[in-house]
Amino acid sequence: MKVNACGQTWEIAALEEGRLGDSTRDRVKAHIASCATCREAAEGLLLLRGEVADAAESLDDLALRRLRTKVLRDADAQLRGAAEKSGKARRSRSKLPLLGLAASAAAALVGIVALLSAGTQVPARKPSDAPVRRAQAEPSAGAVWTRSATAGFDRMVLLDGTLHVRVDRARGDAPVRVVTPDAVVDDVGTVFTVEVVGGRTRGVRVEEGRVLIAFDDGRRVDLASGQQWNAPPAADDVVANPVAERISADTRGLRRALPPAPAPRHEVALPTSADEDADYLVVVAAERAGRSDETRRAAQQYLARHPDGFRRPEVEALLAEER
Amino acid sequence: MSRLGRVIGRAPVAALRAEVTDDTLIERVAAGDLEGLGALYDRHAADLARVAGRLGAGAEVEDVVHTVFLRVVELAPRFELGRGCSARAWLAGITVRVVRERRRSVARWLRILGTLGREPQSYASPASSARADVLSALATLTTAQREAVVLVDGSGLTAEEAGEALGVPVGTIWSRVHHGRAALRARLGDSR
């Protein structure tokens, strides 16, 4: 094995790994340029990295495509299995002797009352194993869309045109998810319309109930009955969403005092659930930091403050884990 | 699957996928969206297959990638969206763990075969190309060194990302990579 003749050779790896400060970096670069030993060592490092990178081929296209189908099929089965398991657990819990039949009947009654109070029902976020009962969907003439039952959702992909959806949860319709080129629209027991033009979501209008829109850029919009969201007129004129900014800021410094949100440049109706998001982030941050007591408290606070919260199933699951 | 509207082609779907971040795709997977999983697969499966190959998965690369994406469905709800860990590092970390698990499982079987008097074989299938030297050299590293070298030198992850993927401090990665490279150089120098 070759013995390095230069005492600075070790700095090459440090340089490459970004461990050096600005001034040291410049000095080392200048040294490498003038030192044959270090230049050779730098080239050797590049060569070694190339050899490791080329050490293994990927799968060929055919194998990747075949594997993709298998992955999606098995993932679907996995999701359905998980839903079935959780359904069984729920049914098992409902058979506890102390609760008995009266508790089940009371729970069912509460459920029916909740379903009838439009606009407040918590979405069934978890995939269900039950057969999907379809909502009414009326596409506009020439609309480009598809529909499938995926993991308990009545799922519609709308690429162009308008889709008017009527979901009747009381009748047993499955939760509806409309996927557009730049957003996912989830219903919460609703009659609503989604419009896509030119590969972008142009507007969402809610006639009854409530929908939640999650844009790919991180924005979240919560629309209640009678409300409407319209896209800004031009792509380069998009309004910076104050809610997304607040959420992002809250992630970095939880419960830090937030500056007032800037006024939107366009008069766009953006009813939000920023408080709910903030409370949820407190739960997540505490959980991530491994502070169980704080996680429990934050989760309980979230559940108390947001009985219809969008993240409620997730927070409930997290709380159950922390117990 | 019934199609009530016009049939959509692959091109527009692929075009719109290009705009979506990995974080968003993982969030969609967490919500049970299989299309999100498909898009994530399209982006990363080939690279993860290479990672598995460099780690010595040999003929089991396909099984490893399959397991990785099913694990993604399971773990997606716990992925820390947009905070700290990059999706690429997260996926590489899952791949490393899956390869480790399979290696342990294979080692158990090899021990059993050994007690039956059979000739134990390497976990990795013998490579038939010039890559064989490098794969053999990688196989002689300690597991910790091999994982660090594969992620940093093979996949181009930063030391910080490799640290996130493997759950160790960045200093540990630097140290493992340093010793791993030295061992690789010595090994490759001897074999040439």
# chains A, B, ... in the order shown; residues from 1 in each chain; ligands from 1
>>> interface_residues(of="chain A", to="chain B", cutoff="6 Å", atoms="only C-alpha atoms", output="PyMOL selection string")
chain A and resi 49+52-53+55-58+71+75+144-148+181+216
>>> select_by_dssp(residues="segment 2-95 of chain A", states="helix (DSSP H, G or I)", output="ChimeraX atom specification")
/A:10-16,22-34,36-53,61-93
>>> residues_around(residues="Thr193 of chain A", least_positions_apart="5", cutoff="9 Å", atoms="only C-alpha atoms", output="list of chain:residue names")
A:Thr162, A:Leu163, A:His164, A:Val165, A:Arg166, A:Gly203, A:Val204, A:Arg205, A:Val206, A:Glu207
>>> write_last_selection(atoms="N, CA and C atoms", output="PDB file, in the first residue's frame")
ATOM      1  N   THR A 162     -65.350  19.666 -15.047  1.00  0.00           N
ATOM      2  CA  THR A 162     -66.011  19.891 -13.763  1.00  0.00           C
ATOM      3  C   THR A 162     -66.682  18.603 -13.288  1.00  0.00           C
ATOM      4  N   LEU A 163     -66.589  18.378 -11.992  1.00  0.00           N
ATOM      5  CA  LEU A 163     -67.196  17.188 -11.406  1.00  0.00           C
ATOM      6  C   LEU A 163     -68.065  17.632 -10.228  1.00  0.00           C
ATOM      7  N   HIS A 164     -69.342  17.277 -10.299  1.00  0.00           N
ATOM      8  CA  HIS A 164     -70.257  17.622  -9.207  1.00  0.00           C
ATOM      9  C   HIS A 164     -70.514  16.342  -8.415  1.00  0.00           C
ATOM     10  N   VAL A 165     -70.208  16.372  -7.131  1.00  0.00           N
ATOM     11  CA  VAL A 165     -70.271  15.149  -6.316  1.00  0.00           C
ATOM     12  C   VAL A 165     -71.281  15.325  -5.188  1.00  0.00           C
ATOM     13  N   ARG A 166     -72.092  14.294  -5.001  1.00  0.00           N
ATOM     14  CA  ARG A 166     -73.042  14.307  -3.892  1.00  0.00           C
ATOM     15  C   ARG A 166     -72.779  13.072  -3.027  1.00  0.00           C
ATOM     16  N   GLY A 203     -61.351  25.774  -9.231  1.00  0.00           N
ATOM     17  CA  GLY A 203     -62.236  26.164  -8.143  1.00  0.00           C
ATOM     18  C   GLY A 203     -62.885  24.968  -7.461  1.00  0.00           C
ATOM     19  N   VAL A 204     -63.278  25.176  -6.204  1.00  0.00           N
ATOM     20  CA  VAL A 204     -64.023  24.160  -5.458  1.00  0.00           C
ATOM     21  C   VAL A 204     -65.172  24.889  -4.762  1.00  0.00           C
ATOM     22  N   ARG A 205     -66.377  24.375  -4.941  1.00  0.00           N
ATOM     23  CA  ARG A 205     -67.545  25.018  -4.332  1.00  0.00           C
ATOM     24  C   ARG A 205     -68.293  23.984  -3.480  1.00  0.00           C
ATOM     25  N   VAL A 206     -68.624  24.356  -2.255  1.00  0.00           N
ATOM     26  CA  VAL A 206     -69.314  23.428  -1.352  1.00  0.00           C
ATOM     27  C   VAL A 206     -70.748  23.893  -1.161  1.00  0.00           C
ATOM     28  N   GLU A 207     -71.691  23.015  -1.495  1.00  0.00           N
ATOM     29  CA  GLU A 207     -73.098  23.369  -1.320  1.00  0.00           C
ATOM     30  C   GLU A 207     -73.605  22.920   0.044  1.00  0.00           C
TER      31      GLU A 207
END
>>> atom_distance(atom1="atom CA of Gly161 of chain A", atom2="atom CA of Pro139 of chain A")
7.4 Å
>>> closest_residue(among="B:Ala76, B:Val64, B:Ala148, B:Leu157", to="Thr172 of chain B", atoms="only C-alpha atoms")
B:Ala148
